[in-house]
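Source file: my_file.pdb. Holds: PDB, C-alpha atoms.
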```pdb
ATOM      1  CA  MET A   1       4.628 -10.862  -7.930
ATOM      2  CA  GLN A   2       3.052 -13.265  -5.440
ATOM      3  CA  PRO A   3       0.173 -12.007  -3.253
ATOM      4  CA  ALA A   4       0.689 -11.180   0.416
ATOM      5  CA  ALA A   5      -1.569  -9.966   3.217
ATOM      6  CA  LEU A   6      -1.214  -7.794   6.293
ATOM      7  CA  GLY A   7      -2.609  -8.622   9.706
ATOM      8  CA  PHE A   8      -3.144  -6.011  12.432
ATOM      9  CA  ARG A   9      -3.818  -6.239  16.153
ATOM     10  CA  VAL A  10      -4.329  -2.658  17.280
ATOM     11  CA  HIS A  11      -3.538  -1.033  20.617
ATOM     12  CA  SER A  12      -3.862   2.551  21.786
ATOM     13  CA  GLY A  13      -1.330   4.488  19.743
ATOM     14  CA  TRP A  14       0.345   1.558  17.976
ATOM     15  CA  THR A  15      -0.307  -1.694  16.167
ATOM     16  CA  SER A  16       1.268  -5.061  15.752
ATOM     17  CA  LEU A  17       1.685  -5.608  11.992
ATOM     18  CA  ILE A  18       2.531  -8.864  10.224
ATOM     19  CA  ALA A  19       2.969  -9.341   6.475
ATOM     20  CA  LEU A  20       2.393 -12.924   5.394
ATOM     21  CA  ALA A  21       2.449 -14.970   2.202
ATOM     22  CA  LEU A  22       1.744 -18.599   1.373
ATOM     23  CA  GLU A  23       4.313 -20.965  -0.082
ATOM     24  CA  ASN A  24       3.035 -24.451  -0.958
ATOM     25  CA  ASN A  25      -0.035 -23.540   1.089
ATOM     26  CA  GLN A  26       2.091 -22.911   4.182
ATOM     27  CA  PRO A  27       2.276 -19.469   5.830
ATOM     28  CA  MET A  28       5.536 -17.547   5.667
ATOM     29  CA  ILE A  29       6.279 -14.284   7.528
ATOM     30  CA  LEU A  30       7.613 -11.540   5.239
ATOM     31  CA  ALA A  31       7.696  -8.655   7.721
ATOM     32  CA  ARG A  32       7.007  -7.896  11.367
ATOM     33  CA  GLN A  33       6.631  -4.328  12.563
ATOM     34  CA  ARG A  34       5.199  -2.366  15.511
ATOM     35  CA  PRO A  35       4.464   1.052  14.024
ATOM     36  CA  HIS A  36       3.355   3.944  16.213
ATOM     37  CA  LEU A  37       0.127   5.688  15.170
ATOM     38  CA  VAL A  38       0.879   8.830  17.189
ATOM     39  CA  ALA A  39       3.845  11.172  16.703
ATOM     40  CA  THR A  40       4.285  11.722  20.461
ATOM     41  CA  PHE A  41       4.005   8.377  22.242
ATOM     42  CA  SER A  42       2.432   9.642  25.458
ATOM     43  CA  TYR A  43      -0.856   8.976  27.250
ATOM     44  CA  THR A  44      -2.337  12.277  25.979
ATOM     45  CA  PHE A  45      -2.121  11.167  22.357
ATOM     46  CA  ARG A  46      -2.400   7.393  22.769
ATOM     47  CA  GLN A  47      -5.734   7.756  24.606
ATOM     48  CA  PRO A  48      -7.378  10.607  22.672
ATOM     49  CA  TYR A  49     -10.910  10.107  24.016
ATOM     50  CA  HIS A  50      -9.645   9.942  27.593
ATOM     51  CA  THR A  51      -7.751  13.173  26.924
ATOM     52  CA  VAL A  52     -10.836  15.052  25.663
ATOM     53  CA  GLU A  53     -13.192  13.697  28.341
ATOM     54  CA  LYS A  54     -13.244  16.978  30.289
ATOM     55  CA  MET A  55     -13.068  19.366  27.298
ATOM     56  CA  ASP A  56     -16.071  21.134  25.802
ATOM     57  CA  LEU A  57     -17.402  19.430  22.661
ATOM     58  CA  ALA A  58     -15.939  21.869  20.113
ATOM     59  CA  GLU A  59     -12.461  21.699  21.674
ATOM     60  CA  ALA A  60     -12.726  17.910  21.942
ATOM     61  CA  GLN A  61     -13.718  17.584  18.282
ATOM     62  CA  THR A  62     -10.817  19.771  17.146
ATOM     63  CA  PHE A  63      -8.302  17.700  19.133
ATOM     64  CA  LEU A  64      -9.741  14.415  17.815
ATOM     65  CA  ASP A  65      -9.722  15.684  14.209
ATOM     66  CA  GLN A  66      -6.053  16.706  14.500
ATOM     67  CA  GLN A  67      -5.118  13.341  16.020
ATOM     68  CA  ARG A  68      -7.129  11.464  13.416
ATOM     69  CA  ASP A  69      -5.256  13.210  10.606
ATOM     70  CA  GLU A  70      -1.930  12.404  12.280
ATOM     71  CA  ALA A  71      -2.858   8.746  12.869
ATOM     72  CA  ARG A  72      -3.952   8.329   9.237
ATOM     73  CA  VAL A  73      -0.690   9.806   7.942
ATOM     74  CA  LEU A  74       1.372   7.520  10.210
ATOM     75  CA  ALA A  75      -0.722   4.468   9.257
ATOM     76  CA  LEU A  76      -0.236   5.195   5.539
ATOM     77  CA  SER A  77       3.495   5.665   6.104
ATOM     78  CA  ALA A  78       3.657   2.286   7.904
ATOM     79  CA  LEU A  79       1.859   0.643   4.971
ATOM     80  CA  GLY A  80       4.291   2.231   2.508
ATOM     81  CA  SER A  81       7.227   0.922   4.515
ATOM     82  CA  VAL A  82       5.914  -2.645   4.640
ATOM     83  CA  GLN A  83       4.900  -2.555   0.938
ATOM     84  CA  THR A  84       8.518  -1.755   0.080
ATOM     85  CA  GLU A  85       9.823  -4.486   2.401
ATOM     86  CA  VAL A  86       7.642  -7.214   0.855
ATOM     87  CA  ALA A  87       8.182  -5.980  -2.731
ATOM     88  CA  GLN A  88      11.938  -6.485  -2.249
ATOM     89  CA  GLN A  89      11.114 -10.133  -1.542
ATOM     90  CA  GLY A  90       8.964 -10.463  -4.694
ATOM     91  CA  TYR A  91       5.523 -10.026  -3.087
ATOM     92  CA  LYS A  92       2.688  -7.560  -3.467
ATOM     93  CA  LEU A  93       0.273  -6.670  -0.684
ATOM     94  CA  THR A  94      -3.256  -7.323  -1.928
ATOM     95  CA  ARG A  95      -5.218  -7.791   1.286
ATOM     96  CA  ALA A  96      -5.282  -6.767   4.923
ATOM     97  CA  ALA A  97      -7.079  -8.069   7.995
ATOM     98  CA  LEU A  98      -7.997  -6.245  11.139
ATOM     99  CA  LEU A  99      -9.077  -7.651  14.480
ATOM    100  CA  LEU A 100     -12.084  -5.911  16.014
ATOM    101  CA  ALA A 101     -13.207  -5.637  19.623
ATOM    102  CA  SER A 102     -16.997  -5.770  19.900
ATOM    103  CA  GLY A 103     -17.628  -4.280  16.479
ATOM    104  CA  ARG A 104     -20.584  -2.205  17.713
ATOM    105  CA  PRO A 105     -20.907   1.244  16.096
ATOM    106  CA  LEU A 106     -20.021   4.187  18.326
ATOM    107  CA  PRO A 107     -22.597   6.828  19.243
ATOM    108  CA  GLU A 108     -22.103  10.586  18.751
ATOM    109  CA  LEU A 109     -19.255  12.335  20.598
ATOM    110  CA  SER A 110     -21.338  13.714  23.504
ATOM    111  CA  LYS A 111     -22.617  10.191  24.285
ATOM    112  CA  ILE A 112     -19.115   8.704  24.028
ATOM    113  CA  LEU A 113     -17.731  11.229  26.521
ATOM    114  CA  ALA A 114     -20.601  10.574  28.943
ATOM    115  CA  SER A 115     -19.626   6.900  29.360
ATOM    116  CA  HIS A 116     -16.202   5.762  30.567
ATOM    117  CA  SER A 117     -16.636   2.256  29.115
ATOM    118  CA  ILE A 118     -17.485   3.717  25.690
ATOM    119  CA  ILE A 119     -14.423   6.018  25.941
ATOM    120  CA  HIS A 120     -12.237   2.884  26.204
ATOM    121  CA  THR A 121     -13.940   1.395  23.135
ATOM    122  CA  ALA A 122     -13.629   4.667  21.223
ATOM    123  CA  ASP A 123      -9.861   4.864  21.847
ATOM    124  CA  GLY A 124      -9.407   1.425  20.289
ATOM    125  CA  GLU A 125     -11.695   2.183  17.338
ATOM    126  CA  PHE A 126      -9.885   5.478  16.726
ATOM    127  CA  PHE A 127      -6.675   3.714  15.686
ATOM    128  CA  ARG A 128      -8.463   0.917  13.827
ATOM    129  CA  GLU A 129     -10.142   3.609  11.715
ATOM    130  CA  ALA A 130      -6.738   5.103  10.839
ATOM    131  CA  LEU A 131      -5.526   1.716   9.591
ATOM    132  CA  LEU A 132      -8.729   1.084   7.622
ATOM    133  CA  HIS A 133      -8.339   4.511   6.011
ATOM    134  CA  ALA A 134      -4.720   3.706   5.058
ATOM    135  CA  CYS A 135      -5.719   0.287   3.657
ATOM    136  CA  ALA A 136      -8.404   1.944   1.501
ATOM    137  CA  ARG A 137      -5.832   4.449   0.204
ATOM    138  CA  ALA A 138      -3.467   1.554  -0.581
ATOM    139  CA  ASN A 139      -6.267  -0.340  -2.412
ATOM    140  CA  LEU A 140      -6.120  -3.342  -0.088
ATOM    141  CA  VAL A 141      -9.170  -5.558   0.322
ATOM    142  CA  VAL A 142      -9.857  -5.658   4.072
ATOM    143  CA  THR A 143     -11.177  -8.553   6.156
ATOM    144  CA  LYS A 144     -12.553  -7.569   9.577
ATOM    145  CA  ILE A 145     -13.090 -10.158  12.269
ATOM    146  CA  LYS A 146     -13.970  -9.998  15.941
ATOM    147  CA  GLU A 147     -11.007 -11.114  18.006
ATOM    148  CA  ARG A 148     -13.049 -13.519  20.128
ATOM    149  CA  GLU A 149     -14.151 -15.342  16.924
ATOM    150  CA  LEU A 150     -10.683 -15.516  15.358
ATOM    151  CA  LEU A 151      -9.619 -19.027  16.339
ATOM    152  CA  ALA A 152     -12.973 -20.658  15.509
ATOM    153  CA  CYS A 153     -13.203 -18.832  12.175
ATOM    154  CA  ALA A 154      -9.596 -19.637  11.249
ATOM    155  CA  SER A 155     -10.114 -23.277  12.211
ATOM    156  CA  ARG A 156     -13.132 -23.514   9.869
ATOM    157  CA  THR A 157     -11.585 -21.614   6.944
ATOM    158  CA  LEU A 158      -8.119 -23.165   7.124
ATOM    159  CA  ARG A 159      -9.533 -26.625   7.971
ATOM    160  CA  ARG A 160      -7.165 -27.183  10.881
ATOM    161  CA  LYS A 161      -7.855 -27.849  14.533
ATOM    162  CA  PRO A 162      -7.383 -24.811  16.832
ATOM    163  CA  ALA A 163      -4.489 -26.500  18.665
ATOM    164  CA  ALA A 164      -2.687 -27.209  15.378
ATOM    165  CA  LEU A 165      -3.166 -23.608  14.249
ATOM    166  CA  THR A 166      -1.862 -22.267  17.557
ATOM    167  CA  SER A 167       1.296 -24.395  17.408
ATOM    168  CA  THR A 168       1.926 -23.559  13.711
ATOM    169  CA  VAL A 169       1.681 -19.818  14.414
ATOM    170  CA  ALA A 170       3.879 -20.143  17.535
ATOM    171  CA  ALA A 171       6.534 -21.973  15.464
ATOM    172  CA  LEU A 172       6.504 -19.282  12.747
ATOM    173  CA  GLY A 173       7.846 -16.763  15.239
ATOM    174  CA  LYS A 174      10.783 -18.887  16.449
ATOM    175  CA  PRO A 175      13.240 -17.888  13.691
ATOM    176  CA  LEU A 176      12.311 -14.206  14.147
ATOM    177  CA  GLY A 177      13.006 -14.055  17.880
ATOM    178  CA  SER A 178      11.103 -11.809  20.270
ATOM    179  CA  PRO A 179       8.718 -10.106  20.391
ATOM    180  CA  TRP A 180       6.469 -12.996  19.374
ATOM    181  CA  THR A 181       3.584 -12.305  21.712
ATOM    182  CA  GLN A 182      -0.161 -12.816  21.411
ATOM    183  CA  ASP A 183      -0.188  -9.615  19.314
ATOM    184  CA  GLU A 184       2.079 -11.044  16.624
ATOM    185  CA  LYS A 185       0.405 -14.456  16.747
ATOM    186  CA  PHE A 186      -3.099 -13.038  16.312
ATOM    187  CA  ALA A 187      -1.939 -10.636  13.571
ATOM    188  CA  THR A 188      -0.329 -13.610  11.784
ATOM    189  CA  LEU A 189      -3.443 -15.745  12.041
ATOM    190  CA  VAL A 190      -5.768 -13.015  10.776
ATOM    191  CA  ALA A 191      -3.421 -12.271   7.832
ATOM    192  CA  TRP A 192      -3.357 -15.982   6.950
ATOM    193  CA  LEU A 193      -7.138 -16.029   7.070
ATOM    194  CA  ALA A 194      -7.346 -12.997   4.737
ATOM    195  CA  LEU A 195      -5.050 -14.644   2.176
ATOM    196  CA  CYS A 196      -7.102 -17.831   2.155
ATOM    197  CA  GLU A 197     -10.322 -15.835   1.661
ATOM    198  CA  ARG A 198      -9.026 -14.224  -1.504
ATOM    199  CA  GLY A 199     -10.925 -16.700  -3.691
TER     200      GLY A 199
END
```

Target format structure tokens, applied to this file:
Amino acid sequence: MQPAALGFRVHSGWTSLIALALENNQPMILARQRPHLVATFSYTFRQPYHTVEKMDLAEAQTFLDQQRDEARVLALSALGSVQTEVAQQGYKLTRAALLLASGRPLPELSKILASHSIIHTADGEFFREALLHACARANLVVTKIKERELLACASRTLRRKPAALTSTVAALGKPLGSPWTQDEKFATLVAWLALCERG
């Protein structure tokens, strides 16, 4: 089986997911999905740190632990689904790549809940952690890259000018139809990067 990689661009409660392989050194999309990482797709569950902001710490921790377990189960299920989809095409997922926001470690819960800007960060990190946990369970090697560095890093690694990369990735989505937004494009680019780093 030929190797393939996953790329993720995470949002609160869901992720854009692209599975990509290389054929004659050119990227090829194997799968495009938008799995939910919460069972109930409502603000309460999609923004867990916002939800617990006014709770006492013990209650907040219990809610977050329950949601974390749920998000991890849904992330692993999404990985299983895409593994099956690419295997039917003769590919095996070996790597994954995840776009990060700032990449700074989060403080303890009481400090998170005391700062609205950190609450926003924590909500994003919450769902990234679920995907990282699923990737570890699926034995995928994970590349993590800050979103603001993606284009420069991809340009260096793939030895193509940023404009050429952008137009290549835009063209890859044409046969698939919409949605082919910034989410899918960035997830594609980071998956391509992960595959080329495998050496």

**OP:** Would you kindly return, as a list in words, each protein, DNA or RNA residue with an atom no farther than 12 Å from any atom of Cys153 in chain A, considering only C-alpha atoms and excluding same-chain residues fewer than 4 positions away?
**Re:**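 The residues satisfying every condition are Lys144, Ile145, Lys146, Glu147, Arg148, Glu149, Thr157, Leu158, Arg159, Arg160, Lys161, Pro162, Leu165, Leu189, Val190, Trp192, Leu193, Ala194, Cys196 and Glu197 of chain A.
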
**OP:** Work out how far CA of Val38 in chain A is from CA of Gly13 in chain A, in Å to one decimal.
**Re:**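 Between CA of Gly13 in chain A and CA of Val38 in chain A the gap works out to 5.5 Å.
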
Surrounding residues of Arg68 in chain A excluding itself and chain neighbours under 6 positions, 10 Å, all atoms listed in the file, as a PDB file with C-alpha atoms, in the coordinates of the input:
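After the write, selection-v8.pdb holds the following:
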```pdb
ATOM      1  CA  LEU A  37       0.127   5.688  15.170  1.00  0.00           C
ATOM      2  CA  VAL A  38       0.879   8.830  17.189  1.00  0.00           C
ATOM      3  CA  PRO A  48      -7.378  10.607  22.672  1.00  0.00           C
ATOM      4  CA  THR A  62     -10.817  19.771  17.146  1.00  0.00           C
ATOM      5  CA  LEU A  74       1.372   7.520  10.210  1.00  0.00           C
ATOM      6  CA  PHE A 126      -9.885   5.478  16.726  1.00  0.00           C
ATOM      7  CA  PHE A 127      -6.675   3.714  15.686  1.00  0.00           C
ATOM      8  CA  GLU A 129     -10.142   3.609  11.715  1.00  0.00           C
ATOM      9  CA  ALA A 130      -6.738   5.103  10.839  1.00  0.00           C
TER      10      ALA A 130
END
```

**OP:** Would you mind telling me which residue in A:Val73, A:Ala5, A:Met28, A:Leu150 lies nearest to Thr168 in chain A when using only C-alpha atoms?
**Re:**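 Using only C-alpha atoms, Thr168 in chain A sits closest to A:Met28.
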
Result set, the PyMOL selection byres ((chain A and resi 179) around 12) on current file, as a PDB file with C-alpha atoms, keeping the file's coordinate frame:
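selection_25.pdb written:
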```pdb
ATOM      1  CA  SER A  16       1.268  -5.061  15.752  1.00  0.00           C
ATOM      2  CA  LEU A  17       1.685  -5.608  11.992  1.00  0.00           C
ATOM      3  CA  ILE A  18       2.531  -8.864  10.224  1.00  0.00           C
ATOM      4  CA  ARG A  32       7.007  -7.896  11.367  1.00  0.00           C
ATOM      5  CA  GLN A  33       6.631  -4.328  12.563  1.00  0.00           C
ATOM      6  CA  ARG A  34       5.199  -2.366  15.511  1.00  0.00           C
ATOM      7  CA  ALA A 170       3.879 -20.143  17.535  1.00  0.00           C
ATOM      8  CA  GLY A 173       7.846 -16.763  15.239  1.00  0.00           C
ATOM      9  CA  LYS A 174      10.783 -18.887  16.449  1.00  0.00           C
ATOM     10  CA  PRO A 175      13.240 -17.888  13.691  1.00  0.00           C
ATOM     11  CA  LEU A 176      12.311 -14.206  14.147  1.00  0.00           C
ATOM     12  CA  GLY A 177      13.006 -14.055  17.880  1.00  0.00           C
ATOM     13  CA  SER A 178      11.103 -11.809  20.270  1.00  0.00           C
ATOM     14  CA  TRP A 180       6.469 -12.996  19.374  1.00  0.00           C
ATOM     15  CA  THR A 181       3.584 -12.305  21.712  1.00  0.00           C
ATOM     16  CA  GLN A 182      -0.161 -12.816  21.411  1.00  0.00           C
ATOM     17  CA  ASP A 183      -0.188  -9.615  19.314  1.00  0.00           C
ATOM     18  CA  GLU A 184       2.079 -11.044  16.624  1.00  0.00           C
ATOM     19  CA  LYS A 185       0.405 -14.456  16.747  1.00  0.00           C
TER      20      LYS A 185
END
```

Original post:
Could you tell me, as a ChimeraX atom specification, which residues have any atom at most 10 Å from (-3.1, -7.0, 2.7), counting all atoms listed in the file?
Top reply: /A:3-8,18-21,79,83,92-98,135,138-143,191-192,194-195

Original post:
CA of Ile29 in chain A and CA of Glu125 in chain A are how many Å apart?
Top reply: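 According to the coordinates, CA of Ile29 in chain A and CA of Glu125 in chain A are separated by 26.3 Å.
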
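Proximity ranking of A:Ala134, A:Ala171, A:Ala164, A:Ala152 relative to Gly80 in chain A places A:Ala134 first, based on all atoms listed in the file.
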
Subject >> Point-to-point distance in Å for CA of Thr84 in chain A and CA of Leu30 in chain A >> reply: 11.1 Å

Subject >> Distance criterion (all atoms listed in the file): nearest to Phe186 in chain A out of A:Arg9, A:His133, A:Arg104, A:His50 >> reply: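 Using all atoms listed in the file, Phe186 in chain A sits closest to A:Arg9.
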
Original post:
Which of these, A:Phe45, A:Thr188, A:Asn24, A:Leu106, has the shortest distance to Ala122 in chain A once you count only C-alpha atoms?
Top reply: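 Checking each candidate against Ala122 in chain A, we get A:Leu106 as the closest.
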
Subject >> Proximity to Ile119 in chain A - best of A:Thr166, A:Gln47, A:Gln67, A:Ser77, all atoms listed in the file >> reply: A:Gln47

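Checking A:Ser102, A:Ser12, A:Gln89, A:Ser42 one by one against Asp123 in chain A, counting all atoms listed in the file, you find the shortest gap at A:Ser12.
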
**OP:** Fewer than 6 positions away in the same chain doesn't count, so skip those; otherwise give me all residues within 12 Å of Lys54 in chain A, counting only C-alpha atoms, as a list of chain:residue names.
**Re:**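 Residues near the query, excluding close chain neighbours: A:Pro48, A:Ala60, A:Ser110, A:Ile112, A:Leu113, A:Ala114, A:Ser115, A:His116, A:Ile119.
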